[in-house]
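Enquirer: For reference, the structure I am asking about is given below.
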Amino acid sequence: MIKITNLEKYYRTEEVETVALNKLSFEVKEGEFVAVMGPSGCGKSTLLNIVGLLDDPDGGSFLFNGIEVAGFNERKRADLRKHNIGFVFQSFNLIDELTVFENVELPLIYTGVKAADRKVRVEEVLDKMQIMHRRNHYPQQLSGGQQQRVAVARAVVNNPKLILADEPTGNLDSSNGNEVMQLLTDLNEQGTTIIMVTHSEHDAKYSHRIIRMLDGQTVTENILV
Amino acid sequence: MFKNYIKIAWRSLFKNKFHTGINLVGLFIGFSIGILVLLGVYGQFSYDKGHANRKKIYQAYQVYNKESGSQIGNVFGYPAAPMFKAEVPAIDKATRYLFGSNLIEYKEKEIDISTMLVDEDFLQMFSFQVVKGNAVNPLKDLTGVVLTENAAKRVFGNEDPIGKTIQSPYGGGKKKAMTVVAVLKDVFNNSSIRFDALARIENANSYAADKNNWDNQHHAVFVMLKDNATQQQAEKQLIACNQKNLPGWYETLKQEGAKPDSRGDIFATRLLPLSELHFSPRISGLGNGVNKAEIYVVLLVGLLIILIACFNFVNINLANAFTRSREIGVRKCLGAAKEGLFAQLWSESFLLCFIAFVLSMLFVKVLVVVIQEQTGGGMPLGEMMLEPAFLLLALGLLLLVSFIAGGYPSWLMSKFQVVETLKGKVTLKRKSFVRSALIVVQFVIACIMISCTFIIYRQFKHLQTADLGLNQEYLISIPFHKPENGRKNIEKLRTRLASNPGVLSISGSHVNIGMGLDGSSTKLTNSFGYKGSNITTNVNFVDADFLQTFGIKPIEGNDIDMRYAADTLQQVILTESSAKQFNEKELVGQQILVDSGAPAWNIVAIIPDFHLYSLREKKEPLAMIYTKNTPVRYCFVRTNAQNGEAVMDALKREMAMLEPGREFKGSFVDENVENWYKQEKMMSLLFSIAAVIAIVLSCLGLLAMVLLIIQQRVKEIGVRKVLGADVSTLSFIISKDFLKLVLIAVLIATPVAWLVMNKWLESFPYRIAVQWWMFVLVALTALLIAFITISYNTVKAAMQNPVKSLRTE
């Protein structure tokens with residue numbers, strides 16, 4: 001599903017150039033659950049941003065479902081992203097002004113799903129995430145675990161092929177963290193490919209494979225399954 | 001999608017109540033000013049649009065290119081209009097337009113009705129609709145009079161006016177019996193041509209004597225061109241007509257050294273389109289016009305206020321953008337396109353603009369209706385607001401403001417990099433060029449307005465208190481309803497008030513000093529040949545004791561003495577500049593024949609030049625003439641400080657007996673002189689209101705910006721405090737960036753205001769000098785206001801417990 005070869009990314013200021021990804025290569029097959037680990041500043045989030053088509057690489061190749069997407073402009077990236085990729089963030093990134101229902105509904109609006117269909121799909125996924133009873137609440141009225149459930153619901157409502165999770169349990173206690181990891185595992189078992197950036201060895205154990213990074217390169221790969 | 005935008009917009013507005021409040025207040029003020037200004041301008045431009053033939057109608061005026069400069073005359077002699085119609089092929093119809101009388105008598109009751117004397121063509125040129133009576137040609141009959149509905153009701157009540165006989169003196173002569181032949185719909189409020197009644201000009205008292213006299217000029221002339229004729233053609237043909245009929249005029253002008261203008265004419269009759277009539281009061285002489293320059297000044301002031309409100313909106317939204325960055329990042333992440341985000345953010349701005357706009361429309365509507373009810377007249381602005389053309393203009397204003405105010409921040413925010421927003425790296429820059437520039441522009445506008453207010457007010461005061469060359473204090477002016485009885489009434493007042501210690505002297509004048517309660521002003525000019533040179537002088541008909549009453553000391557000779565009044569001799573006082581034209585060593589005591597048909601002038605005194613008219617005009621040569629029979633429109637009574645009000649009361653009682661049933665319109669001359677400068681007073685008021693609004697809006701924006709910056713710098717403030725900074729140092733650190741901007745604004749505004757005000761003052765022959773200290777005062781005021789705005793919050797921030805601020809961060 002994802003094939004990255006010699007991927008490069010630099011951050012430049014007037015005085016300094018920082019290498020974020022240094023000829024990084026790896027592959028993720030459809031249905032895999034991959035954890036990316038490494039110390040702060042090793043390039044994990046940069047990698048996730050590029051895989052999530054939020055950012056451009058400066059060099060190398062990035063094949064998504066066999067299509068080279070490295071040179072895509074913003075419009076093409078946005079189009080590919082909204083149909084294929086779901087995101088789960090450490091800080092949930094729910095929109096405060098929207099209710100739970102409206103937050104989950106948002107990706108469907110951007111993909112042009114009709115209102116009646118949206119209602120069915122959102123209710124279905126809220127039900128699945130056991131958060132239906134909070135559908136009219138605003139994010140600030142929910143606990144951290146509930147907020148992350150809503151974020152997961154939002155990530156999956158469009159049935160994406162790939163979910164990218166950036167430290168999904170980073171702001172949660174262990175009980176809520178486990179619940180979220182179980183949700184991701186369930187989704188993976190239903191066929192969704194998951195790439196998760198984490199500092200937590202515990203969370204990484206839910207994955208099939210752990211890629212360890214250092215200074216913008218992969219250093220080891222551990223296959224768990 | 002759109003529903004989602006509106007939903008988000010609505011909730012965002014409520015989330016940031018403080019900034020929404022500031023934005024709403026700013027936009028409300030901006031829109032209210034904008035709508036009021038637009039409405040006013042719309043009203044002015046709607047003048048004279050009601051006439052079907054408006055594109056073909058012109059007012060004729062004369063241009064004399066004398067050696068001393070170009071002069072414009074808007075009055076003609078009786079033969080002019082009929083000659084133009086007969087001899088100028090491009091002219092289809094023509095009418096003379098002369099004030100006839102202010103009085104109609106019916107069943108021994110006298111009613112204030114203003115009658116204009118016109119030609120038969122008048123109602124075929126202008127679209128004043130006949131609602132009753134002869135609708136075909138109401139002005140055909142010489143003894144017919146046409147009334148407006150309102151006038152008919154005032155004269156006849158519920159009686160049918162058609163066929164009824166009324167009496168009216170036209171041009172101060174004997175009353176004439178006239179028959180009401182038609183009733184017209186009331187003259188629309190936005191018409192330059194105004195009247196209560198119309199009658200044929202042949203009824204004028206002086207018509208029989210002057211009908212072939214080109215030199216006695218007293219009325220306006222309107223012409224209507226043929227369908228295919230152009231203004232240029234008509235003006236060319238008018239020159240040919242003048243050359244044929246007035247060869248003597250050309251000869252005299254040539255002898256006086258007249259020079260041809262850019263079109264090659266030393267004298268010409270030119271045409272002013274009806275659409276320009278309202279905007280050319282000096283040419284039209286109709287008195288209710290405005291200069292386009294004044295309209296543009298008002299428009300500009302309104303626009304600047306709107307701009308300040310827009311800039312506040314832009315600045316607050318820009319500063320607020322960083323708080324929305326995460327939401328924008330998430331939306332982009334979930335697939336929102338840049339254009340979609342722009343539409344969403346702009347719709348938020350639009351929503352706020354729309355709310356402010358609707359509130360402003362309602363406010364302005366209520367305001368104009370209330371003002372109209374209070375003043376009981378003027379243009380129906382409340383109704384005009386509902387006209388589709390105005391609504392379109394107002395909607396244009398809404399779109400423009402929402403585009404200026406919301407466009408840039410929305411565009412900027414939609415461009416946020418998604419990765420950076422999600423990382424929370426998008427923050428408010430402490431120094432942003434755009435933001436700083438907008439604050440500077442706001443304060444530049446505010447400072448210019450403060451400077452203008454200050455200078456205009458000083459000029460107004462200068463005009464108001466300047467020495468006119470006469471004693472205007474404790475002098476009462478009373479207009480007569482019947483000028484033809486003026487001299488008799490003055491004589492009666494002299495007798496009746498002889499024992500009143502407060503009355504020091506009484507005289508009369510045909511021209512009022514200042515703008516009295518009757519609101520009228522006249523100017524009479526006379527030109528004649530004397531020993532080979534042409535004498536041109538303003539003329540005023542006065543009564544005995546003129547110099548004593550007006551406190552003018554003669555250079556030579558004595559005041560007018562009624563003991564020497566004679567039918568064959570006119571006693572004349574000349575001003576110095578008028579006397580100089582005669583080039584005589586001994587003028588006082590001489591008798592001068594100015595017109596073979598009129599009594600000779602017996603020069604009784606020469607006095608220093610004085611201001612008979614406002615200080616907007618230079619002093620001009622003036623001859624004050626006393627005869628027994630000429631009408632006098634105003635009585636002047638000299639009183640003193642102790643008896644002013646008592647004398648006014650006594651005059652009111654006396655006038656009630658002399659002119660029973662007539663409203664007493666006596667007023668003090670110093671107040672009337674102030675009324676001359678109503679325009680400057682209004683402008684001073686307009687600018688002071690605009691300056692206050694500009695400074696309040698600018699300070700509101702500054703306040704919001706200071707609060708946002710403080711919010712951003714809370715950690716810095718905490719750290720500095722921990723490291724030992726005291727409250728005053730911290731306040732200075734935060735304030736200095738803003739005060740620097742205000743200082744830059746002052747430096748930019750000063751030369752601009754200096755230039756603009758000097759240019760404006762140039763139009764006054766008598767003006768104040770613009771001095772440097774005025775701008776220093778303005779600069780200090782602006783800085784002080786800005787400092788007060790900033791200081792409260794900066795001190796408050798600096799006094800915060802650093803532990804709290806660091807923990808918060």
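Simple scheme: letters A, B, ... for chains in structure tokens order, numbers from 1 for residues in each chain, numbers from 1 for ligands in the order shown.
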Which residues of range 48-71 of chain A sit at most 10 Å from range 76-91 of chain A, using only C-alpha atoms? Give each one's shortest atom pair and distance in Å (one decimal place), in chain and ascending residue order, as JSON lines.

Expert:
{"residue": "A:Leu48", "atom": "CA", "partner": "A:Phe87", "partner_atom": "CA", "distance": 9.9}
{"residue": "A:Val51", "atom": "CA", "partner": "A:Ile85", "partner_atom": "CA", "distance": 9.3}
{"residue": "A:Gly52", "atom": "CA", "partner": "A:Ile85", "partner_atom": "CA", "distance": 6.8}
{"residue": "A:Leu53", "atom": "CA", "partner": "A:Arg77", "partner_atom": "CA", "distance": 5.8}
{"residue": "A:Leu54", "atom": "CA", "partner": "A:Arg77", "partner_atom": "CA", "distance": 7.6}
{"residue": "A:Asp55", "atom": "CA", "partner": "A:Arg77", "partner_atom": "CA", "distance": 9.1}
{"residue": "A:Asp56", "atom": "CA", "partner": "A:Arg77", "partner_atom": "CA", "distance": 9.6}
{"residue": "A:Phe64", "atom": "CA", "partner": "A:Leu80", "partner_atom": "CA", "distance": 9.5}
{"residue": "A:Val69", "atom": "CA", "partner": "A:Arg77", "partner_atom": "CA", "distance": 7.7}
{"residue": "A:Ala70", "atom": "CA", "partner": "A:Arg77", "partner_atom": "CA", "distance": 9.4}
{"residue": "A:Gly71", "atom": "CA", "partner": "A:Arg77", "partner_atom": "CA", "distance": 9.3}

Enquirer: Determine which residues of range 38-214 of chain A receive a DSSP assignment of helix (DSSP H, G or I), computed from the backbone, and state them as a PyMOL selection string.

Expert: chain A and resi 44-51+74-84+100-110+115-128+132-134+139-141+144-156+174-189+201-204

Enquirer: Would you please work out which residue, of B:Glu276, B:Ala650, B:Ala437, B:Asn320, is nearest to Lys15 in chain B when using only C-alpha atoms?

Expert: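 Answer, going by the shortest atom-to-atom distance: B:Asn320.
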
Enquirer: What are the residues of chain B lining chain A at 7 Å or less? Count only C-alpha atoms, and put the answer as a list in words.

Expert: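 Result, ordered by chain then number: Met1, Ile8, Arg11, Ser12, Glu327, Val330, Cys333, Leu334, Gly335, Ala336, Ala337, Val418 and Val419 of chain B.
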
Enquirer: Using C-alpha atoms, can you write the selected residues to a file as a tab-separated table (two decimals), in the first residue's frame?

Expert:
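The result, stored in part_28.tsv:
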chain	number	residue	atom	x	y	z
B	1	MET	CA	-21.62	22.89	3.49
B	8	ILE	CA	-19.54	27.58	12.83
B	11	ARG	CA	-20.75	29.82	17.34
B	12	SER	CA	-17.38	31.53	16.75
B	327	GLU	CA	-9.29	24.34	13.65
B	330	VAL	CA	-7.89	20.01	11.30
B	333	CYS	CA	-6.40	17.60	7.33
B	334	LEU	CA	-9.93	16.27	6.89
B	335	GLY	CA	-9.98	17.37	3.28
B	336	ALA	CA	-11.06	21.03	3.23
B	337	ALA	CA	-9.73	22.90	0.19
B	418	VAL	CA	-1.51	22.48	7.95
B	419	VAL	CA	1.51	20.86	9.63

Enquirer: Any idea what's packed within 10 Å of range 583-597 of chain B, counting only C-alpha atoms, ignoring anything in its chain fewer than 5 positions away? Could you give it as an MDAnalysis selection string?

Expert: chainID B and resid 526:531 533 535 556:558 569:574 578 602:606

Enquirer: Just to be explicit: take each residue in the selection above, keep N, CA, C and O atoms, and write the result as a PDB file, in the first residue's frame.

Expert:
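What follows is the written file out.pdb:
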ATOM      1  N   ASN B 526     -25.415  97.757  -9.976  1.00  0.00           N
ATOM      2  CA  ASN B 526     -25.742  98.761 -10.997  1.00  0.00           C
ATOM      3  C   ASN B 526     -24.472  99.114 -11.777  1.00  0.00           C
ATOM      4  O   ASN B 526     -23.403  99.268 -11.189  1.00  0.00           O
ATOM      5  N   SER B 527     -24.596  99.186 -13.080  1.00  0.00           N
ATOM      6  CA  SER B 527     -23.471  99.592 -13.930  1.00  0.00           C
ATOM      7  C   SER B 527     -23.925 100.785 -14.782  1.00  0.00           C
ATOM      8  O   SER B 527     -25.033 100.759 -15.328  1.00  0.00           O
ATOM      9  N   PHE B 528     -23.111 101.810 -14.866  1.00  0.00           N
ATOM     10  CA  PHE B 528     -23.481 102.950 -15.720  1.00  0.00           C
ATOM     11  C   PHE B 528     -22.222 103.694 -16.150  1.00  0.00           C
ATOM     12  O   PHE B 528     -21.136 103.512 -15.565  1.00  0.00           O
ATOM     13  N   GLY B 529     -22.361 104.466 -17.158  1.00  0.00           N
ATOM     14  CA  GLY B 529     -21.219 105.226 -17.654  1.00  0.00           C
ATOM     15  C   GLY B 529     -21.151 106.586 -16.964  1.00  0.00           C
ATOM     16  O   GLY B 529     -22.190 107.207 -16.698  1.00  0.00           O
ATOM     17  N   TYR B 530     -19.947 107.022 -16.631  1.00  0.00           N
ATOM     18  CA  TYR B 530     -19.780 108.347 -16.019  1.00  0.00           C
ATOM     19  C   TYR B 530     -18.491 108.961 -16.563  1.00  0.00           C
ATOM     20  O   TYR B 530     -17.399 108.428 -16.348  1.00  0.00           O
ATOM     21  N   LYS B 531     -18.659 110.038 -17.293  1.00  0.00           N
ATOM     22  CA  LYS B 531     -17.535 110.765 -17.901  1.00  0.00           C
ATOM     23  C   LYS B 531     -16.557 109.807 -18.583  1.00  0.00           C
ATOM     24  O   LYS B 531     -15.349 109.800 -18.330  1.00  0.00           O
ATOM     25  N   SER B 533     -16.033 106.655 -18.169  1.00  0.00           N
ATOM     26  CA  SER B 533     -15.622 105.394 -17.533  1.00  0.00           C
ATOM     27  C   SER B 533     -16.854 104.648 -17.024  1.00  0.00           C
ATOM     28  O   SER B 533     -17.908 105.241 -16.747  1.00  0.00           O
ATOM     29  N   ILE B 535     -18.866 102.626 -14.361  1.00  0.00           N
ATOM     30  CA  ILE B 535     -18.933 102.470 -12.906  1.00  0.00           C
ATOM     31  C   ILE B 535     -19.772 101.233 -12.609  1.00  0.00           C
ATOM     32  O   ILE B 535     -20.892 101.111 -13.103  1.00  0.00           O
ATOM     33  N   GLU B 556     -16.203 111.477   5.011  1.00  0.00           N
ATOM     34  CA  GLU B 556     -16.559 112.806   4.521  1.00  0.00           C
ATOM     35  C   GLU B 556     -18.080 112.882   4.447  1.00  0.00           C
ATOM     36  O   GLU B 556     -18.726 111.887   4.099  1.00  0.00           O
ATOM     37  N   GLY B 557     -18.641 114.008   4.762  1.00  0.00           N
ATOM     38  CA  GLY B 557     -20.088 114.187   4.626  1.00  0.00           C
ATOM     39  C   GLY B 557     -20.853 113.731   5.857  1.00  0.00           C
ATOM     40  O   GLY B 557     -20.277 113.511   6.920  1.00  0.00           O
ATOM     41  N   ASN B 558     -22.181 113.601   5.686  1.00  0.00           N
ATOM     42  CA  ASN B 558     -23.044 113.286   6.817  1.00  0.00           C
ATOM     43  C   ASN B 558     -24.025 112.168   6.488  1.00  0.00           C
ATOM     44  O   ASN B 558     -24.156 111.769   5.337  1.00  0.00           O
ATOM     45  N   LEU B 569     -34.585 113.587  -6.369  1.00  0.00           N
ATOM     46  CA  LEU B 569     -33.192 113.465  -5.958  1.00  0.00           C
ATOM     47  C   LEU B 569     -33.020 112.262  -5.029  1.00  0.00           C
ATOM     48  O   LEU B 569     -33.833 112.011  -4.156  1.00  0.00           O
ATOM     49  N   GLN B 570     -31.948 111.523  -5.255  1.00  0.00           N
ATOM     50  CA  GLN B 570     -31.669 110.397  -4.361  1.00  0.00           C
ATOM     51  C   GLN B 570     -30.460 110.760  -3.511  1.00  0.00           C
ATOM     52  O   GLN B 570     -29.428 111.157  -4.050  1.00  0.00           O
ATOM     53  N   GLN B 571     -30.583 110.627  -2.189  1.00  0.00           N
ATOM     54  CA  GLN B 571     -29.411 110.839  -1.328  1.00  0.00           C
ATOM     55  C   GLN B 571     -28.591 109.564  -1.351  1.00  0.00           C
ATOM     56  O   GLN B 571     -29.133 108.473  -1.117  1.00  0.00           O
ATOM     57  N   VAL B 572     -27.305 109.690  -1.606  1.00  0.00           N
ATOM     58  CA  VAL B 572     -26.474 108.489  -1.774  1.00  0.00           C
ATOM     59  C   VAL B 572     -25.224 108.573  -0.904  1.00  0.00           C
ATOM     60  O   VAL B 572     -24.547 109.597  -0.862  1.00  0.00           O
ATOM     61  N   ILE B 573     -24.966 107.451  -0.217  1.00  0.00           N
ATOM     62  CA  ILE B 573     -23.699 107.300   0.517  1.00  0.00           C
ATOM     63  C   ILE B 573     -22.853 106.324  -0.283  1.00  0.00           C
ATOM     64  O   ILE B 573     -23.327 105.239  -0.651  1.00  0.00           O
ATOM     65  N   LEU B 574     -21.632 106.722  -0.574  1.00  0.00           N
ATOM     66  CA  LEU B 574     -20.735 105.823  -1.324  1.00  0.00           C
ATOM     67  C   LEU B 574     -19.667 105.276  -0.388  1.00  0.00           C
ATOM     68  O   LEU B 574     -19.187 105.984   0.504  1.00  0.00           O
ATOM     69  N   SER B 578     -16.158 102.555  -4.024  1.00  0.00           N
ATOM     70  CA  SER B 578     -17.162 102.966  -5.003  1.00  0.00           C
ATOM     71  C   SER B 578     -16.863 104.401  -5.462  1.00  0.00           C
ATOM     72  O   SER B 578     -16.897 104.712  -6.661  1.00  0.00           O
ATOM     73  N   ASN B 602     -27.458 112.395  -5.284  1.00  0.00           N
ATOM     74  CA  ASN B 602     -26.830 113.477  -4.520  1.00  0.00           C
ATOM     75  C   ASN B 602     -25.923 112.827  -3.476  1.00  0.00           C
ATOM     76  O   ASN B 602     -26.396 112.194  -2.526  1.00  0.00           O
ATOM     77  N   ILE B 603     -24.620 112.906  -3.692  1.00  0.00           N
ATOM     78  CA  ILE B 603     -23.696 112.208  -2.801  1.00  0.00           C
ATOM     79  C   ILE B 603     -23.615 112.968  -1.478  1.00  0.00           C
ATOM     80  O   ILE B 603     -23.198 114.134  -1.448  1.00  0.00           O
ATOM     81  N   VAL B 604     -24.052 112.292  -0.400  1.00  0.00           N
ATOM     82  CA  VAL B 604     -24.079 112.967   0.908  1.00  0.00           C
ATOM     83  C   VAL B 604     -22.903 112.564   1.797  1.00  0.00           C
ATOM     84  O   VAL B 604     -22.552 113.284   2.720  1.00  0.00           O
ATOM     85  N   ALA B 605     -22.329 111.384   1.532  1.00  0.00           N
ATOM     86  CA  ALA B 605     -21.207 110.963   2.394  1.00  0.00           C
ATOM     87  C   ALA B 605     -20.359 109.905   1.702  1.00  0.00           C
ATOM     88  O   ALA B 605     -20.831 109.191   0.806  1.00  0.00           O
ATOM     89  N   ILE B 606     -19.113 109.847   2.126  1.00  0.00           N
ATOM     90  CA  ILE B 606     -18.239 108.737   1.718  1.00  0.00           C
ATOM     91  C   ILE B 606     -17.799 108.053   3.010  1.00  0.00           C
ATOM     92  O   ILE B 606     -17.382 108.712   3.977  1.00  0.00           O
TER      93      ILE B 606
END
